[in-house]
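Data first, discussion second: the structure below is written as C-alpha cells.
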Amino acid sequence: MPRLTKWVRSLAVVAASAALAIKLSGGLSVSVAGLSIRARDPWRAVIVAIVLIVIDIAVNRRAWTVATDRVAARVARWSAAAACVVALLLAVHGLAFGSFTAGGSDSYGYVSQAYGWARGELPGPPRLALTLPLRESDDLQMPLGYRGGRAPHSIVPTYAPGLPLLMAAMLVFGPCGPYVIVPASAALLVWTVFLWGRQTAGAIGGLMAALVMAATPVLLFQAVVPMSDVPAGAAWTGAAWLSLSRTRRGALLAGCVTAVGVLIRPNLVPLAVVPLAAVLLPRKGADRWQSGLLFCLPLIPAVALIAVLNQYWYGSASVSGYGSTGQLYSLANIGPNLRLYPAWLWQSQGAGVLLALLAPARLRESNRRSVVLAIAMVLVTFACYLAYGSFDVWWYLRFLLPGLGALSVLIAAGAVTLARAIPQPWGRLVAGSAILLLTTTSVMFAAAANTFGGVLDGQQRFIAMGEFAAAHLPAEAVVFAVEHSGTMRFYGGRYTLRFDQLVSEPADVLIDQLERAGLHPYLLVDDFERPDAARHFKLPPGAALPWPIIARMRERGGVTIYDLSAHARSIQPVALEPDRPLRCMPSRERDIAIAGRTVRP
C-alpha cells in the first residue's frame, strides 16, 4: 500500500506539472521513438491529477484528515498576518499600476476639485474666464467633470465632495498625495472584509473572504484609477462591520464612517438604514436610543452638507451634479439591470459566487446577526442601483462595490458551511478548492481585461500634451478640445473650449473673433475624436483636418495639436514621446492668464 500511494502521488505531481507547463507554454510537443506527442489542453492533465489525488485521499483518508486538521490550525493561527499581506499586495497593485493622472472626465473632475478645495476656490463657484458672443458661451467653457452653476457665468463640480476633500487633505504630502487614497482604500477594504469574515465564519473564513475580495476583478480594475468607487466600498463596508459592535463607541464610529460614505456617494443615503438597524435592533431601552443618536450624530451634518452644496451649486437639495432623481432613475432600467449585474458577476467571478447562497444556513448560529447584515448590505446596495442608468460594460459593477465586501463575507461563510457539511477531509478540500477556483477565475478575468498595467496605456498622453503646451504654447492660447478639455488646463495651464458644444456659429467665425481679441486658437484631438472635430468645424465628410500640426504623439492611440490661427506657419511637427512611468504632476490651472477677456462679434 505505501508503494502504491507513492506511485499515485508521483503521478499526480507529474500530471499537475504537465498542466502548468502546457498552460505557461501554450502547448507541448514531444517526439518519442518517432512518435509525435502533442498537448495543448492543460485541463486534461488537471483532471488526471485530480483523479489521482482523489484516489490517494480515498486510500489514505485518515492521514489526509490529520494533515488537513494540522494545516487548518496553522492557517487559522496566521490568518490575520496573511490577510494583512493580501491587503498590502492589493495596495502595491494600485500603486504599481495606478495612473497617477488627472486624465479624462472622472479623474480630472475629482483631482481638480481637490485642488479647488485646498486653494479655497470651492465651494466657489468659480467664474468663467471668457465672455463669448454666443448663446452657448458658458457651455463651451465647461471642461469635462464640471457643469454650469446657479450663479451666471460660473461652473461647479459634477462630482460629490467626499473623495475630493480626502484628496485635498492628502495634498500636504505633495502632488502624489491624492492618488494614494484609492490604493489605501483598497487595502482597507480587504482588511475590513477579513475582520467581518472572521467575526462571521471564523479565522479561516475571514482569510477566505479577504482573498475573494482582493481577487474581485472590478476591485482590481478600479484600484488603479483615482475615482470614488473603491473609497465608497471601503467606507460602507467599514460602516457595516463597525455597526456590529455592541459598544456605544462602536455606534459612533459606525456613524462617522457612514457619514464619509454619504459624502463620497450621496445617492447611497438609503444604505445608511442597514448599519443603523444593526446598531439599534440588538439593543434595548435607553441604550438603543442613545446608540442610535451617537450613530446619527456625525451622519446628520454630512447629509446637511450635501443638501446645502446641492442647493448652492445646482439649485435644489435633491439635485446632484448628475441631474435630478427623475433624470437618473427610471423604472425602465430595472429589467436590464436585473439581467446585467448578475451576468457580469458570473462572468467575472464564475460559479463560485453561488457559495453565498449557503451562508443563510448559518442563521441559527450565534453569528446570525453578522450574516443578516451582510445579506442586507448586498440587497440594499443592489436595490439602490436597480433603477439607475443602464450600462453595457462589465466594470460598471464598480457601482456595487459598497456591497461586494458583504458578498465576499457571504461567500466565505458559505464555503465554511460547505466544509462543515461534508465529512473530512473532503469538506475542507472541496471548500478550499472552490475558493481557489473562484479566486483563480477572478484573477484570470482581470488579467484578460488588461487590469495589470493596461490602465497606464493612454494616460501618458495627457501629461505629455500638457507639458508641451506649458512649455511652447503662448499664455494667450485657447485650445479647442473635448477629451483633453480638463487635462489641458490641469497640466498645460492653458484655457480650453469644448468644440462639441459649438452649435450657433461656424467655427471659423469664432476662431476669427478669438484672434481679434488677442487670443491664439489651437485644436487638441485624440485620433478617435477627429471625425467629431471635422463635423463640428463644418468640414466635408471624410476630410482631413486642414490645419498645420505643431505636435503629434503616435503612441497611445494618437493625439495631435493643430494651430488654428489664420497666420499659422507650417513647421516641422514636434514628435512627443509618452513618459513611463507616469509622474505625479501638480495642477497648473492657476497659470491660466486670460481671465476677464471679452470676445466681441
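Letters A, B, ... go to the chains of the C-alpha cells in the order shown; residues in each chain start at 1; ligands are counted from 1 in the same order.
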Surrounding residues of stretch 239-251 of chain A excluding itself and chain neighbours under 2 positions, 9 Å, only C-alpha atoms, as a PyMOL selection string: chain A and resi 192-193+195-196+234-237+253-259+261+272+274-279+282-283+287+290-296+369-370+373-374+377+406
Spatial neighbours of A:Ser99, 12 Å, only C-alpha atoms, chain gap at least 5 places, as JSON, numbers by chain: {"A": [93, 94, 104, 107, 108, 176, 178, 179, 180, 182, 183, 221, 222, 223, 224, 225, 226, 227, 451, 452, 453, 454, 455, 456, 457, 458, 459, 460, 461, 462, 463, 579, 580, 581, 582, 583, 584, 585]}
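The space between atom CA of A:Ala76 and atom CA of A:Leu345 spans 28.8 Å.
Minimum atom-to-atom distance to A:Ala67, evaluated using only C-alpha atoms, belongs to A:Leu429 out of A:Leu576, A:Ala517, A:Leu429, A:Ala533.
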Residues of stretch 285-510 of chain A in strand (DSSP E or B), written as a PyMOL selection string: chain A and resi 320+323+329+388+477-481+495-498
Option closest in space to A:Thr101, from A:Thr487, A:Ser324, A:Ser408, A:Ser330 [counting only C-alpha atoms]: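 Checking each of A:Thr487, A:Ser324, A:Ser408, A:Ser330 against A:Thr101, counting only C-alpha atoms, the winner is A:Thr487.
Closest approach to A:Met208 from the set A:Arg569, A:Ile511, A:Leu355, A:Pro360 is made by A:Leu355, with distances taken over only C-alpha atoms.
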Selection: 10 Å around A:Phe445, only C-alpha atoms, excl. self and same-chain fewer than 6 positions, as a VMD selection string: chain A and resid 215 to 218 347 to 350 439 451
Written file, previous selection with N, CA, C and O atoms, as a PDB file, in the first residue's frame:
ATOM      1  N   ALA A 215      -9.303  39.451  -4.918  1.00  0.00           N
ATOM      2  CA  ALA A 215      -9.262  38.947  -6.288  1.00  0.00           C
ATOM      3  C   ALA A 215     -10.433  39.426  -7.132  1.00  0.00           C
ATOM      4  O   ALA A 215     -10.480  39.134  -8.330  1.00  0.00           O
ATOM      5  N   THR A 216     -11.376  40.141  -6.537  1.00  0.00           N
ATOM      6  CA  THR A 216     -12.546  40.607  -7.279  1.00  0.00           C
ATOM      7  C   THR A 216     -12.104  41.484  -8.451  1.00  0.00           C
ATOM      8  O   THR A 216     -11.452  42.511  -8.245  1.00  0.00           O
ATOM      9  N   PRO A 217     -12.433  41.125  -9.677  1.00  0.00           N
ATOM     10  CA  PRO A 217     -11.914  41.855 -10.840  1.00  0.00           C
ATOM     11  C   PRO A 217     -12.233  43.339 -10.839  1.00  0.00           C
ATOM     12  O   PRO A 217     -11.379  44.164 -11.189  1.00  0.00           O
ATOM     13  N   VAL A 218     -13.451  43.697 -10.446  1.00  0.00           N
ATOM     14  CA  VAL A 218     -13.787  45.120 -10.506  1.00  0.00           C
ATOM     15  C   VAL A 218     -13.008  45.910  -9.456  1.00  0.00           C
ATOM     16  O   VAL A 218     -12.711  47.095  -9.657  1.00  0.00           O
ATOM     17  N   GLN A 347     -19.874  36.380 -14.960  1.00  0.00           N
ATOM     18  CA  GLN A 347     -18.838  36.453 -15.992  1.00  0.00           C
ATOM     19  C   GLN A 347     -17.467  36.715 -15.390  1.00  0.00           C
ATOM     20  O   GLN A 347     -16.465  36.126 -15.820  1.00  0.00           O
ATOM     21  N   SER A 348     -17.385  37.575 -14.392  1.00  0.00           N
ATOM     22  CA  SER A 348     -16.090  37.993 -13.858  1.00  0.00           C
ATOM     23  C   SER A 348     -15.568  37.101 -12.745  1.00  0.00           C
ATOM     24  O   SER A 348     -14.353  37.019 -12.534  1.00  0.00           O
ATOM     25  N   GLN A 349     -16.456  36.385 -12.015  1.00  0.00           N
ATOM     26  CA  GLN A 349     -16.012  35.586 -10.876  1.00  0.00           C
ATOM     27  C   GLN A 349     -16.415  34.119 -10.938  1.00  0.00           C
ATOM     28  O   GLN A 349     -15.942  33.328 -10.125  1.00  0.00           O
ATOM     29  N   GLY A 350     -17.265  33.786 -11.870  1.00  0.00           N
ATOM     30  CA  GLY A 350     -17.599  32.387 -12.051  1.00  0.00           C
ATOM     31  C   GLY A 350     -18.649  31.882 -11.072  1.00  0.00           C
ATOM     32  O   GLY A 350     -19.222  32.618 -10.275  1.00  0.00           O
ATOM     33  N   THR A 439     -11.076  32.437  -6.926  1.00  0.00           N
ATOM     34  CA  THR A 439     -10.049  33.478  -6.978  1.00  0.00           C
ATOM     35  C   THR A 439      -9.213  33.372  -8.258  1.00  0.00           C
ATOM     36  O   THR A 439      -8.850  34.397  -8.854  1.00  0.00           O
ATOM     37  N   THR A 451      -6.164  44.581 -16.739  1.00  0.00           N
ATOM     38  CA  THR A 451      -6.127  45.314 -15.474  1.00  0.00           C
ATOM     39  C   THR A 451      -4.706  45.564 -14.987  1.00  0.00           C
ATOM     40  O   THR A 451      -4.427  46.612 -14.403  1.00  0.00           O
TER      41      THR A 451
END
Near-A:Leu379 list (12 Å; only C-alpha atoms; drop same-chain fewer than 4 positions) as a VMD selection string: chain A and resid 270 to 271 274 372 to 375 383 to 386 400 402 to 404 406 to 407
From A:Gly427, A:Pro521, A:Gly145, A:Gly124, residue lying nearest A:Ala102 [only C-alpha atoms]: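 Among the listed residues, A:Gly145 lies closest to A:Ala102.
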Computed interatomic separation between atom CA of A:Arg265 and atom CA of A:Pro336 (Å):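 Answer for the atom CA of A:Arg265 to atom CA of A:Pro336 separation: 22.6 Å.
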